[in-house]
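Novice: Could you have a look at this structure, given as structure tokens, before my questions?
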Amino acid sequence: MTDKQAGGDVRLSGISKTYGSFTAVHPLDLTVPEGSFFALLGASGCGKTTTLRMIAGLEDPTTGTVRLGDKDVTALPPHKRPVNTVFQSYALFPHLSIYENVAFGLRRRGVKSVKKQVDDMLELVQLGDFAQRKPHQLSGGQQQRVAVARALINHPQVLLLDEPLGALDLKLRRQMQLELKRIQTEVGITFVHVTHDQEEAMTMADTVAVMNGGRVEQLGAPAELYENPRTTFVANFLGTSNLIEAEVVQSSGGEVVVTAGGGKLRLPAGRCPDATTAGGRLLVGVRPEKISLTPVADADAVPAGRNSVTGRILDSSFIGVSTQYVVESPAGKGLEVYAQNVEHRAGLEPGAEVVLHWNPEHTFGLDAAQAIDAGVETVGERP
Amino acid sequence: MSWARRNIVVIAGLLTLAYLILPNIVVMVFSFNKPAGRFNYAWREFSTDAWRDPCGVADLCGSLALSLQIALWATVGATVLGAMIAFALVRYRFRARGTINSLIFLPMAMPEVVMAASLLTLFLNLGAELGFWTILIAHTMFCLSFVVVAVKARVMSMDPRLEEAARDLYAGPVQTFLRVTLPIAAPGIAAGAMLAFALSFDDFIITNFNSGNTVTFPMFVWGSAQRGTPVQINVIGTAMFAVAVLIVAGGQIISGRRKKRALTR
């Protein structure tokens with residue numbers, strides 16, 4: 001940490017990027033607080049990588065400025081920015097040993113004795129024995145750690161990670177997520193992480209910005225985003241949401257009452273868009289794990305005051321820790337319910353008539369003017 | 001029978017190798033001959049006379065030196081220009097890129113004798129004096145396309161993110177080129193350069209048309225073959241072959257040792 005410069009937030013103001021007639025990033029303002037683990041989350045082509053590359057200096061923004069602390073770096077070429085990147089394909093130099101790969105940044109800045117720092121850094125990522133090997137002699141996970149070491153050794157003000165775990169298998173990815181989080185806590189450098197994997201973003205980041213179509217849809221802590229999505233895209237892209245089209249009947253006393261599929265549902269007014277008035281339309285959402293299932297025969301056992309909808313189980317799949325049900329009801333075609341497998345539950349087979357019920361507090365309302373299926377993953381979308 | 005079947009690949013390989021190497025062996029063997037007349041076509045007795053006096057034939061070593069000189073400069077010129085063209089064609093989108101991409105192959109496809117005659121026409125019309133410079137210009141020109149092809153293949157397989165990574169790690173444009181781009185493209189550039197050297201060194205047709213009074217090594221061999229072939233020609237041929245084999249073997253040993261060292265550390 002000897003040459004660590006006075007840090008500061010990363011501030012993007014009005015930054016945008018257009019290629020000919022295609023707008024990759026619409027003008028956006030974003031502040032990444034110093035020392036935070038920040039994730040840019042979105043599907044491929046949403047502009048998240050372009051945003052990252054503009055911070056690195058590898059793309060010139062069409063408009064706007066990039067600031068690190070109080071320094072405007074918009075016009076600086078990449079090699080003059082105190083920022084380093086971990087590339088998606090790692091981009092390790094194939095003709096150099098692991099040692100020289102890690103030493104590359106120090107040598108370019110004219111640091112004379114690099115041995116101690118390189119050895120320490122290789123120790124940090126547990127690759128001390130591999131110093132003299134070439135990148136192609138290492139496994140994917142090891143290469144990934146070299147890429148992190150090569151960037152971190154420079155003590156950048158900001159470390160940019162461009163889908164760094166995309167090429168790893170699931171188990172290794174989980175392991176590396178925790179490892180990266182540990183390293184970030186240890187070195188205290190600001191991390192900006194680009195990913196399309198919502199679980200990865202939520203596991204690792206303090207703050208997540210969900211991007212869609214070149215815009216930031218919503219920004220916040222993972223739990224906040226998950227519990228209070230403000231758009232259907234966020235509701236569907238982060239986990240799964242059941243969205244039900246409803247009509248507002250009444251809005252008073254901090255509570256909104258809607259009708260959907262012939263039944264009435266209640267939800268807190270604080271979780272609805274501001275302009276919610278009686279007679280308007282609303283998309284009512286609830287997460288699958290908040291819903292309980294009870295066979296129709298036992299409907300009397302459902303506590304009063306809960307939102308309830310009747311339906312018929314179309315499909316159930318046993319996942320191990322939980323069972324996932326798809327339920328057809330007048331309120332919605334494919335409502336999803338996740339039930340923990342605590343004890344065997346009779347009468348919940350496909351074809352069974354059931355009551356879906358949940359705490360009204362767990363219901364959120366979204367503006368009905370949006371596409372209900374925005375952000376829903378379709379098969380084959382993920383790489 | 002089953003033994004032959006199991007080893008058919010090895011047998012076929014050895015036969016092909018023999019086919020390739022046999023002419024070289026003949027050249028080598030006859031460099032130790034002591035022919036009766038002026039023609040070195042029949043084996044008479046073993047002798048090292050020619051090896052002890054390789055320059056014993058008038059003009060031979062002069063023409064060899066000239067050929068080596070031309071090959072060297074043509075290689076340098078064609079490699080530098082060809083590598084730059086290859087990078088431009090792969091990395092940049094510009095007008096006429098497609099046209100250049102296909103036209104660059106033209107010298108490879110054109111019958112050599114036609115090109116030789118056309119070049120002579122061009123030089124005569126320009127009023128150029130035939131000799132070292134006209135040969136060098138012609139050689140650089142026809143070596144160029146081979147270098148472009150060799151380097152292009154290498155550059156196309158290079159990940160542009162490597163250069164971005166270098167820039168990201170505080171390397172300016174010059175450092176990025178010297179430390180990352182050039183070393184990674186080096187095998188392609190080396191292959192192109194070697195090809196250019198070999199092509200230029202043994203070119204006869206184009207050289208013969210455009211050399212004026214200058215005599216290169218292949219022209220010397222052709223000329224002397226009319227009157228009798230000195231054994232020294234075989235000596236030079238054998239020496240060139242030995243140098244080429246040594247270079248290839250040396251390269252293999254060095255890269256093999258590097259790999260081994262990397263694995264044992």
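Here, A, B, ... name the chains of the structure tokens in the order displayed, residue numbers run from 1 inside each chain, and ligands are numbered from 1 in the same displayed order.
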What's around Thr134 of chain B at 8 Å? Count only C-alpha atoms, leave out sequence neighbours fewer than 6 positions away in its own chain, and write the answer as a PDB file with N, CA and C atoms, in the first residue's frame.

Specialist:
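Output file out.pdb is given in full below:
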ATOM      1  N   PHE B 123      10.937  -1.747 -65.832  1.00  0.00           N
ATOM      2  CA  PHE B 123      12.238  -1.145 -65.531  1.00  0.00           C
ATOM      3  C   PHE B 123      12.822  -0.434 -66.759  1.00  0.00           C
ATOM      4  N   ALA B 128      15.482   2.499 -65.742  1.00  0.00           N
ATOM      5  CA  ALA B 128      16.307   2.064 -64.621  1.00  0.00           C
ATOM      6  C   ALA B 128      17.473   1.219 -65.113  1.00  0.00           C
ATOM      7  N   ASN B 210      15.919  -9.515 -64.829  1.00  0.00           N
ATOM      8  CA  ASN B 210      16.092  -8.142 -64.349  1.00  0.00           C
ATOM      9  C   ASN B 210      17.460  -7.827 -63.779  1.00  0.00           C
ATOM     10  N   SER B 211      18.462  -8.664 -64.091  1.00  0.00           N
ATOM     11  CA  SER B 211      19.740  -8.491 -63.419  1.00  0.00           C
ATOM     12  C   SER B 211      20.771  -7.725 -64.249  1.00  0.00           C
TER      13      SER B 211
END

Novice: Pull out every residue of chain B that has at least one atom within 8 Å of chain A, counting only C-alpha atoms, and report them as a PyMOL selection string.

Specialist: chain B and resi 159+161-162+164-165+167-172+180+183-184+262-263+265

Novice: Just to be explicit: take each residue in the selection above, keep N, CA and C atoms, and write the result as an mmCIF file, in the first residue's frame.

Specialist:
data_model
loop_
_atom_site.group_PDB
_atom_site.id
_atom_site.type_symbol
_atom_site.label_atom_id
_atom_site.label_comp_id
_atom_site.auth_asym_id
_atom_site.auth_seq_id
_atom_site.Cartn_x
_atom_site.Cartn_y
_atom_site.Cartn_z
ATOM 1 N N ASP B 159 -5.514 -12.271 -29.520
ATOM 2 C CA ASP B 159 -6.628 -11.658 -28.792
ATOM 3 C C ASP B 159 -6.332 -10.165 -28.608
ATOM 4 N N ARG B 161 -7.560 -8.222 -26.731
ATOM 5 C CA ARG B 161 -7.609 -7.860 -25.309
ATOM 6 C C ARG B 161 -6.238 -7.894 -24.654
ATOM 7 N N LEU B 162 -5.299 -8.644 -25.268
ATOM 8 C CA LEU B 162 -3.951 -8.678 -24.687
ATOM 9 C C LEU B 162 -3.331 -7.292 -24.727
ATOM 10 N N GLU B 164 -5.063 -4.509 -24.886
ATOM 11 C CA GLU B 164 -5.823 -3.678 -23.944
ATOM 12 C C GLU B 164 -5.312 -3.898 -22.532
ATOM 13 N N ALA B 165 -5.020 -5.174 -22.214
ATOM 14 C CA ALA B 165 -4.505 -5.482 -20.877
ATOM 15 C C ALA B 165 -3.178 -4.767 -20.653
ATOM 16 N N ARG B 167 -2.155 -1.972 -22.078
ATOM 17 C CA ARG B 167 -2.409 -0.542 -21.899
ATOM 18 C C ARG B 167 -2.973 -0.278 -20.513
ATOM 19 N N ASP B 168 -3.813 -1.204 -20.069
ATOM 20 C CA ASP B 168 -4.423 -1.070 -18.749
ATOM 21 C C ASP B 168 -3.354 -1.165 -17.655
ATOM 22 N N LEU B 169 -2.281 -1.912 -17.947
ATOM 23 C CA LEU B 169 -1.210 -2.104 -16.961
ATOM 24 C C LEU B 169 -0.057 -1.129 -17.230
ATOM 25 N N TYR B 170 -0.395 0.090 -17.557
ATOM 26 C CA TYR B 170 0.545 1.221 -17.604
ATOM 27 C C TYR B 170 1.548 1.170 -18.751
ATOM 28 N N ALA B 171 1.319 0.365 -19.786
ATOM 29 C CA ALA B 171 2.216 0.372 -20.934
ATOM 30 C C ALA B 171 1.669 1.348 -21.969
ATOM 31 N N GLY B 172 2.515 2.304 -22.369
ATOM 32 C CA GLY B 172 2.119 3.245 -23.420
ATOM 33 C C GLY B 172 2.097 2.531 -24.756
ATOM 34 N N VAL B 180 4.290 -6.660 -25.950
ATOM 35 C CA VAL B 180 3.185 -7.610 -26.093
ATOM 36 C C VAL B 180 2.921 -7.957 -27.558
ATOM 37 N N PRO B 183 6.247 -9.575 -29.520
ATOM 38 C CA PRO B 183 6.629 -10.934 -29.111
ATOM 39 C C PRO B 183 5.576 -11.988 -29.488
ATOM 40 N N ILE B 184 4.301 -11.613 -29.411
ATOM 41 C CA ILE B 184 3.274 -12.617 -29.701
ATOM 42 C C ILE B 184 3.174 -12.856 -31.203
ATOM 43 N N ALA B 262 10.146 -25.019 -17.418
ATOM 44 C CA ALA B 262 8.911 -24.455 -16.858
ATOM 45 C C ALA B 262 8.140 -25.515 -16.085
ATOM 46 N N LEU B 263 8.198 -26.754 -16.560
ATOM 47 C CA LEU B 263 7.427 -27.809 -15.907
ATOM 48 C C LEU B 263 8.084 -28.282 -14.623
ATOM 49 N N ARG B 265 10.063 -26.474 -12.619
ATOM 50 C CA ARG B 265 10.096 -25.476 -11.564
ATOM 51 C C ARG B 265 8.835 -25.468 -10.731
#

Novice: Could you please write out, as a PyMOL selection string, every residue of segment 80-130 of chain B that DSSP assigns to helix (DSSP H, G or I)?

Specialist: chain B and resi 80-91+97-103+106-109+112-126

Novice: Those residues with N, CA and C atoms, as an mmCIF file, in the first residue's frame please?

Specialist:
data_model
loop_
_atom_site.group_PDB
_atom_site.id
_atom_site.type_symbol
_atom_site.label_atom_id
_atom_site.label_comp_id
_atom_site.auth_asym_id
_atom_site.auth_seq_id
_atom_site.Cartn_x
_atom_site.Cartn_y
_atom_site.Cartn_z
ATOM 1 N N VAL B 80 9.317 -6.191 -42.952
ATOM 2 C CA VAL B 80 8.823 -4.965 -42.313
ATOM 3 C C VAL B 80 7.529 -4.502 -42.989
ATOM 4 N N LEU B 81 7.566 -4.398 -44.327
ATOM 5 C CA LEU B 81 6.365 -3.949 -45.043
ATOM 6 C C LEU B 81 5.219 -4.940 -44.871
ATOM 7 N N GLY B 82 5.534 -6.229 -45.034
ATOM 8 C CA GLY B 82 4.495 -7.271 -44.976
ATOM 9 C C GLY B 82 3.829 -7.335 -43.619
ATOM 10 N N ALA B 83 4.636 -7.218 -42.555
ATOM 11 C CA ALA B 83 4.057 -7.273 -41.208
ATOM 12 C C ALA B 83 3.124 -6.081 -40.999
ATOM 13 N N MET B 84 3.538 -4.908 -41.490
ATOM 14 C CA MET B 84 2.686 -3.731 -41.315
ATOM 15 C C MET B 84 1.382 -3.889 -42.104
ATOM 16 N N ILE B 85 1.500 -4.415 -43.323
ATOM 17 C CA ILE B 85 0.293 -4.627 -44.137
ATOM 18 C C ILE B 85 -0.627 -5.619 -43.439
ATOM 19 N N ALA B 86 -0.045 -6.705 -42.913
ATOM 20 C CA ALA B 86 -0.859 -7.726 -42.252
ATOM 21 C C ALA B 86 -1.611 -7.135 -41.068
ATOM 22 N N PHE B 87 -0.918 -6.338 -40.243
ATOM 23 C CA PHE B 87 -1.588 -5.720 -39.095
ATOM 24 C C PHE B 87 -2.707 -4.796 -39.562
ATOM 25 N N ALA B 88 -2.420 -4.015 -40.597
ATOM 26 C CA ALA B 88 -3.429 -3.077 -41.093
ATOM 27 C C ALA B 88 -4.653 -3.831 -41.588
ATOM 28 N N LEU B 89 -4.431 -4.919 -42.307
ATOM 29 C CA LEU B 89 -5.561 -5.661 -42.885
ATOM 30 C C LEU B 89 -6.407 -6.337 -41.820
ATOM 31 N N VAL B 90 -5.770 -6.795 -40.737
ATOM 32 C CA VAL B 90 -6.534 -7.498 -39.707
ATOM 33 C C VAL B 90 -7.178 -6.521 -38.731
ATOM 34 N N ARG B 91 -6.432 -5.481 -38.349
ATOM 35 C CA ARG B 91 -6.876 -4.652 -37.231
ATOM 36 C C ARG B 91 -7.752 -3.476 -37.632
ATOM 37 N N ARG B 97 -10.069 -2.059 -48.316
ATOM 38 C CA ARG B 97 -9.428 -3.119 -47.552
ATOM 39 C C ARG B 97 -9.639 -4.484 -48.216
ATOM 40 N N GLY B 98 -10.888 -4.706 -48.672
ATOM 41 C CA GLY B 98 -11.200 -5.979 -49.324
ATOM 42 C C GLY B 98 -10.395 -6.175 -50.599
ATOM 43 N N THR B 99 -10.291 -5.103 -51.374
ATOM 44 C CA THR B 99 -9.540 -5.172 -52.634
ATOM 45 C C THR B 99 -8.078 -5.508 -52.362
ATOM 46 N N ILE B 100 -7.497 -4.803 -51.402
ATOM 47 C CA ILE B 100 -6.088 -5.048 -51.083
ATOM 48 C C ILE B 100 -5.913 -6.476 -50.593
ATOM 49 N N ASN B 101 -6.875 -6.916 -49.775
ATOM 50 C CA ASN B 101 -6.823 -8.272 -49.235
ATOM 51 C C ASN B 101 -6.708 -9.329 -50.330
ATOM 52 N N SER B 102 -7.410 -9.115 -51.457
ATOM 53 C CA SER B 102 -7.317 -10.122 -52.514
ATOM 54 C C SER B 102 -6.158 -9.832 -53.473
ATOM 55 N N LEU B 103 -5.878 -8.550 -53.699
ATOM 56 C CA LEU B 103 -4.776 -8.218 -54.621
ATOM 57 C C LEU B 103 -3.414 -8.651 -54.082
ATOM 58 N N LEU B 106 -1.987 -11.667 -55.577
ATOM 59 C CA LEU B 106 -1.735 -11.692 -57.017
ATOM 60 C C LEU B 106 -0.316 -12.147 -57.382
ATOM 61 N N PRO B 107 0.701 -11.594 -56.729
ATOM 62 C CA PRO B 107 2.056 -12.037 -57.084
ATOM 63 C C PRO B 107 2.265 -13.538 -56.884
ATOM 64 N N MET B 108 1.522 -14.152 -55.928
ATOM 65 C CA MET B 108 1.669 -15.585 -55.710
ATOM 66 C C MET B 108 1.024 -16.369 -56.839
ATOM 67 N N ALA B 109 -0.037 -15.815 -57.394
ATOM 68 C CA ALA B 109 -0.797 -16.548 -58.408
ATOM 69 C C ALA B 109 -0.229 -16.338 -59.810
ATOM 70 N N GLU B 112 5.471 -16.920 -62.809
ATOM 71 C CA GLU B 112 6.670 -16.153 -62.496
ATOM 72 C C GLU B 112 7.313 -15.555 -63.738
ATOM 73 N N VAL B 113 7.286 -16.330 -64.822
ATOM 74 C CA VAL B 113 7.971 -15.858 -66.021
ATOM 75 C C VAL B 113 7.254 -14.637 -66.614
ATOM 76 N N VAL B 114 5.948 -14.604 -66.464
ATOM 77 C CA VAL B 114 5.176 -13.455 -66.949
ATOM 78 C C VAL B 114 5.531 -12.228 -66.135
ATOM 79 N N MET B 115 5.588 -12.433 -64.818
ATOM 80 C CA MET B 115 5.906 -11.315 -63.945
ATOM 81 C C MET B 115 7.323 -10.817 -64.242
ATOM 82 N N ALA B 116 8.235 -11.759 -64.474
ATOM 83 C CA ALA B 116 9.623 -11.393 -64.772
ATOM 84 C C ALA B 116 9.685 -10.507 -66.013
ATOM 85 N N ALA B 117 8.997 -10.923 -67.062
ATOM 86 C CA ALA B 117 9.003 -10.166 -68.309
ATOM 87 C C ALA B 117 8.363 -8.793 -68.114
ATOM 88 N N SER B 118 7.255 -8.757 -67.383
ATOM 89 C CA SER B 118 6.561 -7.491 -67.152
ATOM 90 C C SER B 118 7.430 -6.535 -66.364
ATOM 91 N N LEU B 119 8.108 -7.065 -65.355
ATOM 92 C CA LEU B 119 8.981 -6.225 -64.542
ATOM 93 C C LEU B 119 10.086 -5.614 -65.408
ATOM 94 N N LEU B 120 10.633 -6.451 -66.298
ATOM 95 C CA LEU B 120 11.692 -5.964 -67.176
ATOM 96 C C LEU B 120 11.173 -4.813 -68.035
ATOM 97 N N THR B 121 9.956 -4.996 -68.584
ATOM 98 C CA THR B 121 9.327 -3.945 -69.377
ATOM 99 C C THR B 121 9.221 -2.665 -68.563
ATOM 100 N N LEU B 122 8.766 -2.829 -67.331
ATOM 101 C CA LEU B 122 8.580 -1.671 -66.443
ATOM 102 C C LEU B 122 9.903 -0.960 -66.208
ATOM 103 N N PHE B 123 10.937 -1.747 -65.832
ATOM 104 C CA PHE B 123 12.238 -1.145 -65.531
ATOM 105 C C PHE B 123 12.822 -0.434 -66.759
ATOM 106 N N LEU B 124 12.681 -1.078 -67.934
ATOM 107 C CA LEU B 124 13.232 -0.474 -69.148
ATOM 108 C C LEU B 124 12.527 0.837 -69.457
ATOM 109 N N ASN B 125 11.189 0.840 -69.316
ATOM 110 C CA ASN B 125 10.425 2.053 -69.587
ATOM 111 C C ASN B 125 10.757 3.171 -68.615
ATOM 112 N N LEU B 126 11.087 2.768 -67.369
ATOM 113 C CA LEU B 126 11.460 3.785 -66.379
ATOM 114 C C LEU B 126 12.882 4.256 -66.588
#

Novice: To one decimal place in Å, what is the distance between atom CA of Ile137 of chain B and atom CA of Leu64 of chain B?

Specialist: 18.6 Å

Novice: For Gly347 of chain A, please output as a PyMOL selection string all residues within 12 Å (counting only C-alpha atoms; exclusion window: fewer than 6 positions along the same chain).

Specialist: chain A and resi 293-298+312-313+353-355

Novice: Taking only C-alpha atoms into account, name the residue in B:Pro173, B:Pro230, B:Pro218, B:Gly237 that is nearest to Tyr41 of chain B.

Specialist: B:Pro230

Novice: Would you compute the distance between atom CA of Ala244 of chain B and atom CA of Ser224 of chain B? Give it in Å to one decimal.

Specialist: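 A separation of 24.8 Å between them.
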
Novice: Would you kindly return, as number ranges by chain, each protein, DNA or RNA residue with an atom no farther than 12 Å from any atom of Lys333 of chain A, considering only C-alpha atoms and excluding same-chain residues fewer than 5 positions away?

Specialist: A: 242-245, 261, 310-314, 326-328

Novice: Selected residues, C-alpha atoms, written as a compact mmCIF listing (two decimals), in the first residue's frame, please.

Specialist:
# COMPACT_ATOMS: atom_id res chain seq x y z
CA ASN A 242 -45.22 -13.51 -9.68
CA LEU A 243 -46.78 -10.47 -11.33
CA ILE A 244 -50.54 -10.21 -11.38
CA GLU A 245 -52.50 -7.64 -13.36
CA GLY A 261 -59.11 -12.62 -11.06
CA THR A 310 -57.25 -20.23 -5.36
CA GLY A 311 -55.78 -22.29 -8.13
CA ARG A 312 -54.76 -25.71 -9.43
CA ILE A 313 -51.25 -27.17 -9.38
CA LEU A 314 -50.00 -27.65 -12.94
CA VAL A 326 -46.44 -23.93 -10.93
CA VAL A 327 -50.05 -23.00 -10.20
CA GLU A 328 -52.79 -21.93 -12.58

Novice: For segment 55-60 of chain B, find every residue with an atom within 8 Å (counting only C-alpha atoms), except residues of its own chain fewer than 6 positions away, and show them as a PyMOL selection string.

Specialist: chain B and resi 217+220+230+232

Novice: Got time to write the residues from that selection, C-alpha atoms, as an mmCIF file, in the first residue's frame?

Specialist:
data_model
loop_
_atom_site.group_PDB
_atom_site.id
_atom_site.type_symbol
_atom_site.label_atom_id
_atom_site.label_comp_id
_atom_site.auth_asym_id
_atom_site.auth_seq_id
_atom_site.Cartn_x
_atom_site.Cartn_y
_atom_site.Cartn_z
ATOM 1 C CA PHE B 217 24.272 -17.666 -57.187
ATOM 2 C CA PHE B 220 25.963 -18.787 -61.702
ATOM 3 C CA PRO B 230 32.085 -27.650 -60.467
ATOM 4 C CA GLN B 232 31.975 -26.512 -55.292
#

Novice: As a ChimeraX atom specification, please: the residues near Ala201 of chain A (cut-off 12 Å, only C-alpha atoms, same-chain neighbours under 4 positions excluded).

Specialist: /A:37-42,161,163-165,174,177-178,181,191-197,205-210,220-223,225-226,237-239

Novice: As a list in words, please: the residues near segment 358-362 of chain A (cut-off 9 Å, only C-alpha atoms, same-chain neighbours under 6 positions excluded).

Specialist: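 Final neighbour list, sorted by chain and number: Glu227, Leu265, Arg266, Leu267, Pro268, Arg271, Gly285, Val286, Arg287, Lys290, Ile291, Ser292, Gly305, Arg306, Asn307 and Ser308 of chain A.
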
Novice: Could you write those residues out with C-alpha atoms, as an mmCIF file, in the first residue's frame?

Specialist:
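The file below, out-v2.cif, is the result:
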data_model
loop_
_atom_site.group_PDB
_atom_site.id
_atom_site.type_symbol
_atom_site.label_atom_id
_atom_site.label_comp_id
_atom_site.auth_asym_id
_atom_site.auth_seq_id
_atom_site.Cartn_x
_atom_site.Cartn_y
_atom_site.Cartn_z
ATOM 1 C CA GLU A 227 -37.559 -6.928 -1.828
ATOM 2 C CA LEU A 265 -55.733 -8.489 -2.561
ATOM 3 C CA ARG A 266 -54.261 -5.957 -0.165
ATOM 4 C CA LEU A 267 -50.830 -4.385 -0.127
ATOM 5 C CA PRO A 268 -49.052 -1.530 1.686
ATOM 6 C CA ARG A 271 -44.802 -0.322 -1.733
ATOM 7 C CA GLY A 285 -46.026 -8.751 -7.301
ATOM 8 C CA VAL A 286 -45.055 -11.378 -4.793
ATOM 9 C CA ARG A 287 -41.938 -13.561 -4.578
ATOM 10 C CA LYS A 290 -43.281 -15.873 0.324
ATOM 11 C CA ILE A 291 -46.329 -17.872 -0.774
ATOM 12 C CA SER A 292 -47.720 -20.836 1.165
ATOM 13 C CA GLY A 305 -55.941 -11.254 7.000
ATOM 14 C CA ARG A 306 -53.715 -12.990 4.477
ATOM 15 C CA ASN A 307 -53.907 -12.412 0.725
ATOM 16 C CA SER A 308 -55.268 -15.550 -0.855
#

Novice: What residues in segment 104-300 of chain A get the DSSP label strand (DSSP E)? Please answer as a PyMOL selection string.

Specialist: chain A and resi 158-162+190-195+207-212+215-220+242-252+255-260+263-268+281-286+292-295

Novice: Give me a file of those residues, with C-alpha atoms, as a compact mmCIF listing (two decimals), in the first residue's frame.

Specialist:
# COMPACT_ATOMS: atom_id res chain seq x y z
CA VAL A 158 -10.39 1.07 -8.56
CA LEU A 159 -10.31 -2.56 -9.68
CA LEU A 160 -12.61 -3.33 -12.61
CA LEU A 161 -13.81 -6.90 -13.07
CA ASP A 162 -15.39 -7.78 -16.40
CA THR A 190 -13.04 -0.14 -4.70
CA PHE A 191 -14.23 -3.04 -6.88
CA VAL A 192 -16.55 -2.50 -9.84
CA HIS A 193 -17.81 -5.87 -10.98
CA VAL A 194 -19.70 -6.51 -14.22
CA THR A 195 -21.84 -9.63 -14.39
CA THR A 207 -24.45 -2.13 -4.07
CA VAL A 208 -25.94 -3.43 -7.30
CA ALA A 209 -26.91 -1.33 -10.30
CA VAL A 210 -29.29 -3.21 -12.59
CA MET A 211 -28.80 -2.14 -16.19
CA ASN A 212 -31.18 -2.66 -19.09
CA ARG A 215 -29.83 2.58 -18.73
CA VAL A 216 -29.62 1.94 -14.99
CA GLU A 217 -33.04 0.62 -14.00
CA GLN A 218 -32.47 0.59 -10.28
CA LEU A 219 -29.62 0.86 -7.83
CA GLY A 220 -29.37 -0.31 -4.27
CA ASN A 242 -45.22 -13.51 -9.68
CA LEU A 243 -46.78 -10.47 -11.33
CA ILE A 244 -50.54 -10.21 -11.38
CA GLU A 245 -52.50 -7.64 -13.36
CA ALA A 246 -54.96 -5.93 -11.02
CA GLU A 247 -57.34 -3.03 -10.74
CA VAL A 248 -57.15 -0.62 -7.82
CA VAL A 249 -60.38 -0.55 -5.84
CA GLN A 250 -59.43 1.58 -2.92
CA SER A 251 -56.39 3.42 -1.58
CA SER A 252 -56.61 4.75 1.94
CA GLU A 255 -53.31 0.36 2.38
CA VAL A 256 -54.22 -0.36 -1.23
CA VAL A 257 -56.92 -2.84 -2.16
CA VAL A 258 -57.01 -4.32 -5.65
CA THR A 259 -59.09 -6.90 -7.48
CA ALA A 260 -57.45 -9.58 -9.54
CA GLY A 263 -60.61 -11.88 -5.69
CA LYS A 264 -59.36 -9.03 -3.52
CA LEU A 265 -55.73 -8.49 -2.56
CA ARG A 266 -54.26 -5.96 -0.17
CA LEU A 267 -50.83 -4.38 -0.13
CA PRO A 268 -49.05 -1.53 1.69
CA ARG A 281 -54.34 -0.35 -12.90
CA LEU A 282 -51.45 -1.96 -11.05
CA LEU A 283 -49.10 -4.92 -11.40
CA VAL A 284 -49.12 -6.72 -8.08
CA GLY A 285 -46.03 -8.75 -7.30
CA VAL A 286 -45.06 -11.38 -4.79
CA SER A 292 -47.72 -20.84 1.16
CA LEU A 293 -49.84 -23.60 -0.37
CA THR A 294 -52.80 -25.20 1.38
CA PRO A 295 -55.13 -27.81 -0.15

Novice: Report, in Å to a single decimal, how far apart atom CA of Thr31 of chain A and atom CA of Leu180 of chain A are.

Specialist: 21.6 Å
